[in-house]
file structure_9.pdb (PDB, C-alpha atoms and all ligand atoms)
ATOM      1  CA  MET A 482      -9.343   7.507 -25.659
ATOM      2  CA  GLN A 483     -12.197   5.279 -24.433
ATOM      3  CA  SER A 484     -11.111   3.451 -21.307
ATOM      4  CA  GLU A 485     -11.814  -0.017 -22.821
ATOM      5  CA  THR A 486      -9.585   0.679 -25.848
ATOM      6  CA  ARG A 487      -6.891   2.113 -23.589
ATOM      7  CA  LYS A 488      -7.076  -0.940 -21.349
ATOM      8  CA  LYS A 489      -6.814  -3.345 -24.317
ATOM      9  CA  LEU A 490      -3.895  -1.423 -25.787
ATOM     10  CA  LEU A 491      -2.021  -1.387 -22.464
ATOM     11  CA  GLU A 492      -2.694  -5.110 -22.042
ATOM     12  CA  LEU A 493      -1.196  -5.739 -25.471
ATOM     13  CA  PHE A 494       1.956  -3.816 -24.561
ATOM     14  CA  SER A 495       2.130  -5.579 -21.205
ATOM     15  CA  GLU A 496       1.934  -9.014 -22.891
ATOM     16  CA  ALA A 497       4.627  -7.935 -25.384
ATOM     17  CA  LYS A 498       7.007  -7.309 -22.413
ATOM     18  CA  GLY A 499       8.897  -4.487 -24.138
ATOM     19  CA  ASP A 500       8.931  -6.048 -27.634
ATOM     20  CA  PHE A 501       7.552  -4.302 -30.723
ATOM     21  CA  ILE A 502       3.944  -4.867 -31.847
ATOM     22  CA  SER A 503       3.098  -3.989 -35.421
ATOM     23  CA  GLY A 504       0.576  -1.257 -36.168
ATOM     24  CA  GLN A 505      -1.310  -3.811 -38.284
ATOM     25  CA  LYS A 506      -1.680  -6.221 -35.336
ATOM     26  CA  ILE A 507      -2.822  -3.438 -33.004
ATOM     27  CA  SER A 508      -5.411  -2.213 -35.499
ATOM     28  CA  GLU A 509      -6.755  -5.771 -35.953
ATOM     29  CA  ILE A 510      -7.021  -6.429 -32.211
ATOM     30  CA  LEU A 511      -8.548  -3.057 -31.360
ATOM     31  CA  GLY A 512     -10.776  -3.190 -34.453
ATOM     32  CA  CYS A 513      -9.788   0.267 -35.699
ATOM     33  CA  SER A 514      -7.824   1.896 -38.553
ATOM     34  CA  ARG A 515      -4.020   2.412 -38.572
ATOM     35  CA  THR A 516      -4.658   6.183 -38.261
ATOM     36  CA  ALA A 517      -6.763   5.557 -35.158
ATOM     37  CA  VAL A 518      -3.931   3.422 -33.694
ATOM     38  CA  TRP A 519      -1.513   6.294 -34.236
ATOM     39  CA  LYS A 520      -3.948   8.635 -32.416
ATOM     40  CA  HIS A 521      -4.224   6.201 -29.481
ATOM     41  CA  ILE A 522      -0.428   6.064 -29.273
ATOM     42  CA  GLU A 523      -0.303   9.865 -29.214
ATOM     43  CA  ASP A 524      -2.887   9.884 -26.387
ATOM     44  CA  LEU A 525      -0.734   7.489 -24.342
ATOM     45  CA  ARG A 526       2.289   9.726 -24.923
ATOM     46  CA  LYS A 527       0.306  12.699 -23.611
ATOM     47  CA  GLU A 528      -0.419  10.671 -20.457
ATOM     48  CA  GLY A 529       3.308  10.196 -19.879
ATOM     49  CA  PHE A 530       3.971   6.821 -21.529
ATOM     50  CA  GLU A 531       7.228   6.709 -23.504
ATOM     51  CA  LEU A 532       6.634   4.816 -26.750
ATOM     52  CA  GLU A 533       9.117   4.067 -29.489
ATOM     53  CA  ALA A 534       7.877   3.835 -33.077
ATOM     54  CA  VAL A 535      10.032   2.112 -35.729
ATOM     55  CA  ARG A 536       9.056   1.633 -39.387
ATOM     56  CA  ARG A 537       8.212  -2.003 -40.238
ATOM     57  CA  LEU A 538       8.501  -3.073 -36.572
ATOM     58  CA  GLY A 539       5.681  -1.057 -35.015
ATOM     59  CA  TYR A 540       5.477   0.304 -31.477
ATOM     60  CA  ARG A 541       6.965  -0.648 -28.135
ATOM     61  CA  ILE A 542       6.682   0.727 -24.619
ATOM     62  CA  VAL A 543       9.933   2.090 -23.224
ATOM     63  CA  ASN A 544       8.651   3.588 -19.985
ATOM     64  CA  THR A 545       5.347   3.926 -18.129
ATOM     65  CA  PRO A 546       4.326   6.993 -16.095
ATOM     66  CA  ASP A 547       4.536   6.866 -12.329
ATOM     67  CA  LYS A 548       0.797   6.964 -11.636
ATOM     68  CA  VAL A 549      -1.404   4.970  -9.278
ATOM     69  CA  THR A 550      -4.624   4.937 -11.287
ATOM     70  CA  ALA A 551      -6.746   1.765 -11.470
ATOM     71  CA  ASN A 552      -5.269   0.923 -14.898
ATOM     72  CA  GLU A 553      -1.660   1.264 -13.809
ATOM     73  CA  ILE A 554      -2.266  -0.894 -10.721
ATOM     74  CA  GLN A 555      -4.351  -3.562 -12.424
ATOM     75  CA  LEU A 556      -1.975  -4.041 -15.336
ATOM     76  CA  GLY A 557       0.153  -6.965 -14.150
ATOM     77  CA  LEU A 558      -1.675  -7.403 -10.802
ATOM     78  CA  LYS A 559      -1.153 -10.982  -9.514
ATOM     79  CA  THR A 560      -3.955 -11.168  -6.923
ATOM     80  CA  GLU A 561      -7.250 -13.034  -7.087
ATOM     81  CA  THR A 562      -9.445 -10.732  -5.012
ATOM     82  CA  LEU A 563      -7.495  -7.781  -3.572
ATOM     83  CA  GLY A 564      -7.523  -4.732  -5.840
ATOM     84  CA  ARG A 565      -9.825  -6.325  -8.389
ATOM     85  CA  TYR A 566     -12.097  -3.312  -7.872
ATOM     86  CA  ILE A 567     -10.255  -0.008  -7.522
ATOM     87  CA  HIS A 568     -11.779   3.375  -6.740
ATOM     88  CA  PHE A 569      -9.245   6.006  -7.833
ATOM     89  CA  GLU A 570      -9.427   9.770  -7.329
ATOM     90  CA  GLU A 571      -6.834  12.460  -7.981
ATOM     91  CA  GLU A 572      -7.605  14.341  -4.757
ATOM     92  CA  VAL A 573      -9.561  13.281  -1.686
ATOM     93  CA  THR A 574      -9.901  14.378   1.920
ATOM     94  CA  SER A 575      -8.910  10.911   3.125
ATOM     95  CA  THR A 576      -9.067   7.529   1.376
ATOM     96  CA  GLN A 577     -10.282   6.151   4.739
ATOM     97  CA  THR A 578     -13.445   8.270   4.579
ATOM     98  CA  ILE A 579     -14.256   7.064   1.060
ATOM     99  CA  ALA A 580     -13.516   3.433   1.907
ATOM    100  CA  GLN A 581     -15.718   3.687   5.025
ATOM    101  CA  LYS A 582     -18.595   4.904   2.873
ATOM    102  CA  LEU A 583     -18.068   2.224   0.200
ATOM    103  CA  ALA A 584     -17.838  -0.502   2.855
ATOM    104  CA  TYR A 585     -21.047   0.732   4.473
ATOM    105  CA  GLU A 586     -22.744   0.606   1.066
ATOM    106  CA  GLY A 587     -21.682  -3.047   0.667
ATOM    107  CA  ALA A 588     -18.403  -2.882  -1.294
ATOM    108  CA  LYS A 589     -16.820  -6.297  -1.822
ATOM    109  CA  GLU A 590     -13.828  -7.604   0.109
ATOM    110  CA  GLY A 591     -10.651  -6.504  -1.641
ATOM    111  CA  THR A 592     -12.002  -3.138  -2.804
ATOM    112  CA  LEU A 593      -9.187  -0.596  -2.859
ATOM    113  CA  VAL A 594      -9.424   3.189  -2.638
ATOM    114  CA  VAL A 595      -6.362   5.073  -3.939
ATOM    115  CA  ALA A 596      -5.632   8.762  -4.391
ATOM    116  CA  GLU A 597      -2.753  10.826  -5.758
ATOM    117  CA  GLN A 598      -3.240  13.341  -2.944
ATOM    118  CA  GLN A 599      -5.061  13.572   0.409
ATOM    119  CA  ILE A 600      -5.840  16.979   1.821
ATOM    120  CA  ALA A 601      -6.922  15.670   5.240
ATOM    121  CA  GLY A 602      -4.992  12.397   5.584
ATOM    122  CA  ARG A 603      -5.480  10.811   9.015
ATOM    123  CA  GLY A 604      -2.819   9.170  11.169
ATOM    124  CA  ARG A 605      -2.934   7.129  14.367
ATOM    125  CA  MET A 606      -3.669   8.785  17.715
ATOM    126  CA  ALA A 607      -5.685  11.572  16.052
ATOM    127  CA  ARG A 608      -2.719  12.960  14.110
ATOM    128  CA  ASN A 609      -2.592  14.217  10.521
ATOM    129  CA  TRP A 610      -0.854  12.269   7.777
ATOM    130  CA  PHE A 611       1.075  14.387   5.292
ATOM    131  CA  SER A 612       0.031  13.124   1.819
ATOM    132  CA  PRO A 613       1.351  15.375  -0.983
ATOM    133  CA  LYS A 614       0.436  14.887  -4.628
ATOM    134  CA  GLY A 615       2.042  12.210  -6.802
ATOM    135  CA  THR A 616       4.826  11.185  -4.452
ATOM    136  CA  GLY A 617       3.501   8.522  -2.117
ATOM    137  CA  ILE A 618       0.969   5.719  -1.920
ATOM    138  CA  TRP A 619      -2.176   6.733  -0.085
ATOM    139  CA  MET A 620      -4.638   3.864  -0.101
ATOM    140  CA  SER A 621      -7.312   2.052   1.931
ATOM    141  CA  LEU A 622      -8.225  -1.603   1.557
ATOM    142  CA  ILE A 623     -11.575  -3.115   2.555
ATOM    143  CA  LEU A 624     -11.524  -6.600   4.099
ATOM    144  CA  ARG A 625     -14.412  -8.575   5.526
ATOM    145  CA  PRO A 626     -12.709 -11.188   7.719
ATOM    146  CA  PRO A 627     -14.816 -13.796   9.546
ATOM    147  CA  ILE A 628     -13.163 -13.011  12.916
ATOM    148  CA  PRO A 629     -14.323 -11.272  16.123
ATOM    149  CA  PRO A 630     -13.427  -7.565  16.573
ATOM    150  CA  GLN A 631     -10.827  -8.309  19.319
ATOM    151  CA  LYS A 632      -8.707 -10.019  16.685
ATOM    152  CA  ALA A 633      -8.630  -7.048  14.301
ATOM    153  CA  PRO A 634      -5.109  -5.978  15.476
ATOM    154  CA  HIS A 635      -3.851  -9.186  13.807
ATOM    155  CA  LEU A 636      -4.664  -7.634  10.448
ATOM    156  CA  THR A 637      -2.643  -4.504  11.185
ATOM    157  CA  LEU A 638       0.407  -6.585  12.071
ATOM    158  CA  LEU A 639      -0.197  -8.801   9.021
ATOM    159  CA  THR A 640      -0.300  -5.697   6.812
ATOM    160  CA  ALA A 641       2.945  -4.389   8.303
ATOM    161  CA  VAL A 642       4.658  -7.701   7.459
ATOM    162  CA  ALA A 643       3.229  -7.671   3.918
ATOM    163  CA  ILE A 644       4.420  -4.105   3.278
ATOM    164  CA  ALA A 645       7.867  -4.851   4.741
ATOM    165  CA  GLN A 646       8.191  -7.916   2.481
ATOM    166  CA  ALA A 647       7.019  -5.978  -0.578
ATOM    167  CA  ILE A 648       9.446  -3.099   0.081
ATOM    168  CA  GLN A 649      12.278  -5.587   0.459
ATOM    169  CA  ASP A 650      11.382  -7.395  -2.786
ATOM    170  CA  VAL A 651      10.810  -4.283  -4.889
ATOM    171  CA  THR A 652      13.611  -2.029  -3.588
ATOM    172  CA  GLY A 653      16.135  -4.315  -1.904
ATOM    173  CA  LEU A 654      15.970  -2.051   1.197
ATOM    174  CA  VAL A 655      15.754  -3.789   4.578
ATOM    175  CA  PRO A 656      12.812  -2.471   6.635
ATOM    176  CA  ASP A 657      12.236  -2.713  10.395
ATOM    177  CA  ILE A 658       8.861  -2.728  12.122
ATOM    178  CA  LYS A 659       8.317  -0.683  15.278
ATOM    179  CA  TRP A 660       5.313  -1.919  17.249
ATOM    180  CA  PRO A 661       2.597  -1.967  16.259
ATOM    181  CA  ASN A 662       2.970  -1.065  12.628
ATOM    182  CA  ASP A 663       5.405   1.719  11.813
ATOM    183  CA  ILE A 664       7.834   0.688   9.112
ATOM    184  CA  LEU A 665      11.257   2.281   9.390
ATOM    185  CA  ILE A 666      14.237   2.334   7.067
ATOM    186  CA  ASN A 667      17.552   3.244   8.673
ATOM    187  CA  GLY A 668      15.661   4.364  11.781
ATOM    188  CA  LYS A 669      13.257   6.758  10.016
ATOM    189  CA  LYS A 670       9.553   6.197   9.404
ATOM    190  CA  CYS A 671       8.432   5.667   5.827
ATOM    191  CA  VAL A 672       5.131   3.791   6.294
ATOM    192  CA  GLY A 673       2.141   4.234   8.593
ATOM    193  CA  ILE A 674      -0.893   1.964   8.888
ATOM    194  CA  LEU A 675      -4.269   2.954  10.286
ATOM    195  CA  THR A 676      -6.902   0.261  10.843
ATOM    196  CA  GLU A 677     -10.545   1.195  11.355
ATOM    197  CA  LEU A 678     -13.485  -1.123  11.986
ATOM    198  CA  GLN A 679     -17.163  -1.322  11.210
ATOM    199  CA  ALA A 680     -18.329  -3.941  13.701
ATOM    200  CA  GLU A 681     -20.854  -5.230  16.212
ATOM    201  CA  PRO A 682     -19.617  -6.560  19.578
ATOM    202  CA  ASP A 683     -19.214 -10.110  18.231
ATOM    203  CA  ARG A 684     -18.770  -9.641  14.489
ATOM    204  CA  ILE A 685     -16.806  -7.521  12.047
ATOM    205  CA  HIS A 686     -18.656  -5.988   9.104
ATOM    206  CA  SER A 687     -15.512  -4.595   7.554
ATOM    207  CA  VAL A 688     -11.953  -3.630   8.342
ATOM    208  CA  ILE A 689     -10.547  -0.610   6.536
ATOM    209  CA  ILE A 690      -6.777  -0.808   6.378
ATOM    210  CA  GLY A 691      -5.270   2.575   5.521
ATOM    211  CA  MET A 692      -1.691   2.540   4.265
ATOM    212  CA  GLY A 693       0.475   5.614   3.848
ATOM    213  CA  ILE A 694       3.817   4.975   2.142
ATOM    214  CA  ASN A 695       6.404   7.674   1.490
ATOM    215  CA  VAL A 696       7.814   6.589  -1.852
ATOM    216  CA  ASN A 697       9.342   9.312  -4.013
ATOM    217  CA  GLN A 698       9.551  12.414  -1.825
ATOM    218  CA  THR A 699      12.832  14.308  -1.642
ATOM    219  CA  VAL A 700      14.084  15.543   1.756
ATOM    220  CA  GLU A 701      12.927  19.084   0.894
ATOM    221  CA  GLN A 702       9.398  17.836   0.218
ATOM    222  CA  PHE A 703       8.938  16.843   3.881
ATOM    223  CA  PRO A 704       7.801  19.550   6.323
ATOM    224  CA  GLU A 705      10.816  20.689   8.366
ATOM    225  CA  ASP A 706       9.391  19.480  11.677
ATOM    226  CA  ILE A 707       9.342  15.827  10.535
ATOM    227  CA  ARG A 708      12.552  15.709   8.440
ATOM    228  CA  ALA A 709      14.562  14.205  11.295
ATOM    229  CA  ILE A 710      12.147  11.315  11.798
ATOM    230  CA  ALA A 711      10.583  10.664   8.373
ATOM    231  CA  THR A 712      11.998   9.388   5.122
ATOM    232  CA  SER A 713      10.953   8.039   1.724
ATOM    233  CA  LEU A 714      12.014   4.898  -0.116
ATOM    234  CA  ALA A 715      13.599   7.023  -2.878
ATOM    235  CA  ILE A 716      15.734   8.928  -0.339
ATOM    236  CA  GLU A 717      16.982   5.674   1.177
ATOM    237  CA  LYS A 718      17.459   3.881  -2.135
ATOM    238  CA  GLY A 719      18.888   6.842  -4.034
ATOM    239  CA  GLU A 720      16.501   6.358  -6.948
ATOM    240  CA  LYS A 721      12.811   6.717  -7.761
ATOM    241  CA  ILE A 722      10.462   3.756  -7.433
ATOM    242  CA  LYS A 723       7.431   2.889  -9.591
ATOM    243  CA  ARG A 724       4.550   3.277  -7.165
ATOM    244  CA  ALA A 725       2.091   1.051  -9.089
ATOM    245  CA  GLU A 726       4.574  -1.832  -9.000
ATOM    246  CA  LEU A 727       4.905  -1.484  -5.243
ATOM    247  CA  VAL A 728       1.102  -1.372  -4.795
ATOM    248  CA  GLN A 729       0.808  -4.593  -6.855
ATOM    249  CA  GLU A 730       3.401  -6.342  -4.713
ATOM    250  CA  ILE A 731       1.826  -5.129  -1.448
ATOM    251  CA  LEU A 732      -1.624  -6.392  -2.485
ATOM    252  CA  PHE A 733      -0.123  -9.737  -3.524
ATOM    253  CA  LYS A 734       1.707 -10.142  -0.209
ATOM    254  CA  ILE A 735      -1.358  -9.145   1.846
ATOM    255  CA  GLU A 736      -3.466 -11.674  -0.087
ATOM    256  CA  MET A 737      -0.940 -14.482   0.564
ATOM    257  CA  LEU A 738      -0.646 -13.710   4.286
ATOM    258  CA  TYR A 739      -4.400 -13.147   4.708
ATOM    259  CA  ARG A 740      -5.114 -16.553   3.176
ATOM    260  CA  GLN A 741      -2.524 -18.132   5.470
ATOM    261  CA  TYR A 742      -4.038 -16.292   8.463
ATOM    262  CA  LEU A 743      -7.600 -17.463   7.733
ATOM    263  CA  GLN A 744      -6.366 -21.065   7.375
ATOM    264  CA  HIS A 745      -3.747 -21.330  10.141
ATOM    265  CA  GLY A 746      -4.397 -18.436  12.526
ATOM    266  CA  PHE A 747      -2.040 -15.719  13.798
ATOM    267  CA  ARG A 748       0.947 -17.899  14.842
ATOM    268  CA  PRO A 749       2.795 -17.961  11.482
ATOM    269  CA  ILE A 750       2.178 -14.211  10.983
ATOM    270  CA  LYS A 751       3.430 -13.459  14.504
ATOM    271  CA  LEU A 752       6.693 -15.267  13.735
ATOM    272  CA  LEU A 753       7.176 -13.240  10.550
ATOM    273  CA  TRP A 754       6.333 -10.004  12.394
ATOM    274  CA  GLU A 755       8.888 -10.806  15.121
ATOM    275  CA  GLY A 756      11.499 -11.280  12.393
ATOM    276  CA  TYR A 757      11.115  -7.598  11.446
ATOM    277  CA  ALA A 758      10.487  -6.151  14.955
ATOM    278  CA  ILE A 759      13.084  -3.796  16.396
ATOM    279  CA  SER A 760      11.333  -2.816  19.628
ATOM    280  CA  ILE A 761      11.207  -6.235  21.318
ATOM    281  CA  GLY A 762      13.741  -7.167  24.039
ATOM    282  CA  LYS A 763      14.681  -3.496  24.478
ATOM    283  CA  GLU A 764      14.082  -0.707  26.998
ATOM    284  CA  ILE A 765      11.330   1.442  25.514
ATOM    285  CA  THR A 766       9.086   4.358  26.343
ATOM    286  CA  ALA A 767       5.425   3.885  25.451
ATOM    287  CA  ARG A 768       3.302   7.023  25.183
ATOM    288  CA  THR A 769      -0.361   6.062  25.393
ATOM    289  CA  LEU A 770      -3.324   8.438  25.359
ATOM    290  CA  SER A 771      -3.575   7.980  29.139
ATOM    291  CA  GLY A 772       0.104   8.382  30.095
ATOM    292  CA  THR A 773       3.728   7.344  29.597
ATOM    293  CA  LEU A 774       5.316   4.045  30.636
ATOM    294  CA  ARG A 775       8.957   2.982  30.559
ATOM    295  CA  GLY A 776      10.237  -0.580  30.692
ATOM    296  CA  MET A 777      11.351  -3.663  28.845
ATOM    297  CA  ALA A 778       9.315  -4.694  25.782
ATOM    298  CA  LEU A 779       8.862  -8.438  26.396
ATOM    299  CA  GLY A 780       7.021  -9.284  23.188
ATOM    300  CA  ILE A 781       3.496  -9.397  21.813
ATOM    301  CA  THR A 782       0.626 -11.601  22.936
ATOM    302  CA  ASP A 783      -1.306 -13.880  20.587
ATOM    303  CA  GLU A 784      -3.725 -10.954  20.195
ATOM    304  CA  GLY A 785      -0.925  -8.633  19.040
ATOM    305  CA  VAL A 786      -0.893  -6.643  22.313
ATOM    306  CA  LEU A 787       2.510  -5.329  23.507
ATOM    307  CA  MET A 788       3.766  -6.635  26.892
ATOM    308  CA  LEU A 789       5.926  -4.189  28.821
ATOM    309  CA  GLU A 790       7.644  -4.923  32.155
ATOM    310  CA  ASP A 791       8.298  -1.833  34.285
ATOM    311  CA  ALA A 792      11.149  -1.351  36.833
ATOM    312  CA  ASP A 793       8.982  -2.856  39.619
ATOM    313  CA  GLY A 794       8.376  -6.032  37.628
ATOM    314  CA  ASN A 795       4.757  -5.192  36.782
ATOM    315  CA  ILE A 796       3.595  -6.329  33.336
ATOM    316  CA  HIS A 797       1.530  -3.832  31.341
ATOM    317  CA  TYR A 798      -0.541  -4.842  28.319
ATOM    318  CA  ILE A 799      -0.497  -2.009  25.788
ATOM    319  CA  HIS A 800      -3.093  -1.838  23.042
ATOM    320  CA  SER A 801      -2.175   1.468  21.453
ATOM    321  CA  ALA A 802       0.848   3.723  21.954
ATOM    322  CA  ASP A 803       3.779   5.498  20.360
ATOM    323  CA  ILE A 804       7.031   3.754  21.086
ATOM    324  CA  GLN A 805      10.426   5.368  21.546
ATOM    325  CA  LEU A 806      13.553   3.275  21.755
TER     326      LEU A 806
HETATM  327  C1  LIG B 901       0.119   6.479  11.230
HETATM  328  O1  LIG B 901      -0.178   7.432  11.938
HETATM  329  O2  LIG B 901       1.231   5.942  11.304
HETATM  330  C2  LIG B 901      -0.878   5.910  10.253
HETATM  331  C3  LIG B 901      -0.945   6.700   8.968
HETATM  332  C4  LIG B 901      -1.923   6.142   7.969
HETATM  333  C5  LIG B 901      -2.023   6.998   6.721
HETATM  334  C6  LIG B 901      -2.865   6.393   5.655
HETATM  335  S1  LIG B 901      -2.698   7.207   4.108
HETATM  336  C7  LIG B 901      -4.045   6.341   3.459
HETATM  337  C8  LIG B 901      -5.085   6.267   4.548
HETATM  338  N1  LIG B 901      -5.927   7.457   4.539
HETATM  339  C9  LIG B 901      -5.744   8.193   5.631
HETATM  340  O3  LIG B 901      -6.335   9.269   5.862
HETATM  341  N2  LIG B 901      -4.861   7.611   6.449
HETATM  342  C10 LIG B 901      -4.355   6.365   5.908
END
call {"tool": "encode", "arguments": {"input": "structure_9.pdb", "output": "structure tokens"}}
result
Amino acid sequence: MQSETRKKLLELFSEAKGDFISGQKISEILGCSRTAVWKHIEDLRKEGFELEAVRRLGYRIVNTPDKVTANEIQLGLKTETLGRYIHFEEEVTSTQTIAQKLAYEGAKEGTLVVAEQQIAGRGRMARNWFSPKGTGIWMSLILRPPIPPQKAPHLTLLTAVAIAQAIQDVTGLVPDIKWPNDILINGKKCVGILTELQAEPDRIHSVIIGMGINVNQTVEQFPEDIRAIATSLAIEKGEKIKRAELVQEILFKIEMLYRQYLQHGFRPIKLLWEGYAISIGKEITARTLSGTLRGMALGITDEGVLMLEDADGNIHYIHSADIQL
């Protein structure tokens, strides 16, 4: 089916909100014969849509497939700019690499790169990010904020808050944030965020925010060595979650918070972040690339840097580390 026809047909079903639409009405709106409508419906069924057909009433959508293609995400998307252009691929090395290239070539703010599978997903501190096919959300968002590069960590913390809010709204689960941006459910990690910059010393060209969200994996689908520390939303909730719906909600929340940030600065975001933070006011171990520190996590600075007080009362400012409670 041509993508324009498919898009129109899906929009019609979306507007009908689960009610029947007559074959006659569909054929008039799409400008095609009733036989062609029937063929389009068959095509949607092959793609995984469940459609009910009843004589005299027409067709209605009963269930949509769990895909994260541009169509699935854009159908019902509430944002103004984020995700209005989506670059989707079934399999990529890393969505970060593609987003970097698109940003370099001038892609607009809000451009989103999404894939069903990454074969070389990247994590923080030069680690890999396990990104198996069709189970999680692997995506990278391009922003072009008018802020200096030192303030870029604000956007990582902002994204963590947005994802935590979206998870809470869509699943009812209650997430925690471990500094800087790991999202945990019941003590296990289910979201990682990786922020990369294209910048000059005083100006950002683009920020690429990579988000990896474990959504529908079963325990067995995680490699054994991370089963004790990683989880998915479906494991914690006990049921599968529609990934496209979660992507829509995440983009909406990021857009709201980003707007607030550009108008009022980091303060309101910091307060929200602190509301989810589990590592503050506790004894923690921080493993940085240059060594390990132990002490009390005092809080974060207005730049989003972690303040840690060691046993001798010295305050350390930590820009990047892995935290253990
Ligand atoms: C972390 O180590 O916690 C950050 C993981 C970030 C993973 C995401 S998945 C989408 C995007 N593409 C990548 O290669 N990495 C990020």
call {"tool": "resolve_selection", "arguments": {"input": "structure_9.pdb", "expression": "the PyMOL selection byres (((chain A and resi 754) around 8) and not hetatm)", "output": "list in words"}}
result
Leu638, Leu639, Ala641, Val642, Ile658, Ile750, Lys751, Leu752, Leu753, Glu755, Gly756, Tyr757 and Ala758 of chain A
call {"tool": "resolve_selection", "arguments": {"input": "structure_9.pdb", "expression": "the PyMOL selection byres (((chain A and resi 724) around 9) and not hetatm)", "output": "MDAnalysis selection string"}}
result
chainID A and resid 547:549 554 616:618 696:697 721:723 725:729
call {"tool": "residues_around", "arguments": {"input": "structure_9.pdb", "residues": "Ser713 in chain A", "least_positions_apart": "2", "cutoff": "12 Å", "atoms": "all atoms listed in the file", "output": "VMD selection string"}}
result
chain A and resid 616 to 618 648 652 654 656 664 to 673 693 to 703 707 to 711 715 to 722 724
call {"tool": "residues_near_ligand", "arguments": {"input": "structure_9.pdb", "ligand": "ligand LIG 901 (chain B)", "cutoff": "6 Å", "atoms": "all atoms listed in the file", "output": "PyMOL selection string"}}
result
chain A and resi 575-577+602-605+610+619-621+663+673-675+691-693
call {"tool": "resolve_selection", "arguments": {"input": "structure_9.pdb", "expression": "the PyMOL selection byres (((chain A and resi 531) around 12) and not hetatm)", "output": "PyMOL selection string"}}
result
chain A and resi 494+499+522-530+532-534+540-547
call {"tool": "atom_distance", "arguments": {"input": "structure_9.pdb", "atom1": "CA of Leu787 in chain A", "atom2": "CA of Asp683 in chain A"}}
result
22.9 Å
call {"tool": "residues_around", "arguments": {"input": "structure_9.pdb", "residues": "Glu571 in chain A", "least_positions_apart": "5", "cutoff": "9 Å", "atoms": "all atoms listed in the file", "output": "PyMOL selection string"}}
result
chain A and resi 550+595-599+614-615
call {"tool": "closest_residue", "arguments": {"input": "structure_9.pdb", "among": "A:Leu563, A:Gln649, A:Met606, A:Glu790", "to": "Ser771 in chain A", "atoms": "only C-alpha atoms"}}
result
A:Met606
call {"tool": "axis_aligned_box", "arguments": {"input": "structure_9.pdb", "around": "range 645-656 of chain A", "padding_each_side": "6 Å", "output": "JSON"}}
result
{"center_x": 11.6, "center_y": -5.0, "center_z": 0.9, "size_x": 21.1, "size_y": 17.9, "size_z": 23.5}
call {"tool": "closest_residue", "arguments": {"input": "structure_9.pdb", "among": "A:Leu538, A:Leu738, A:Leu491, A:Leu806", "to": "Lys506 in chain A", "atoms": "only C-alpha atoms"}}
result
A:Leu538
call {"tool": "closest_residue", "arguments": {"input": "structure_9.pdb", "among": "A:Leu789, A:Leu490, A:Ala551, A:Ala643", "to": "Ala767 in chain A", "atoms": "all atoms listed in the file"}}
result
A:Leu789
call {"tool": "residues_around", "arguments": {"input": "structure_9.pdb", "residues": "Val688 in chain A", "least_positions_apart": "3", "cutoff": "6 Å", "atoms": "all atoms listed in the file", "output": "PyMOL selection string"}}
result
chain A and resi 623-624+677-678
call {"tool": "atom_distance", "arguments": {"input": "structure_9.pdb", "atom1": "CA of Pro627 in chain A", "atom2": "CA of Arg748 in chain A"}}
result
17.1 Å
call {"tool": "atom_distance", "arguments": {"input": "structure_9.pdb", "atom1": "CA of Leu558 in chain A", "atom2": "CA of Glu730 in chain A"}}
result
8.0 Å
call {"tool": "closest_residue", "arguments": {"input": "structure_9.pdb", "among": "A:Ile731, A:Met737, A:Leu556, A:Ile799", "to": "Thr769 in chain A", "atoms": "all atoms listed in the file"}}
result
A:Ile799
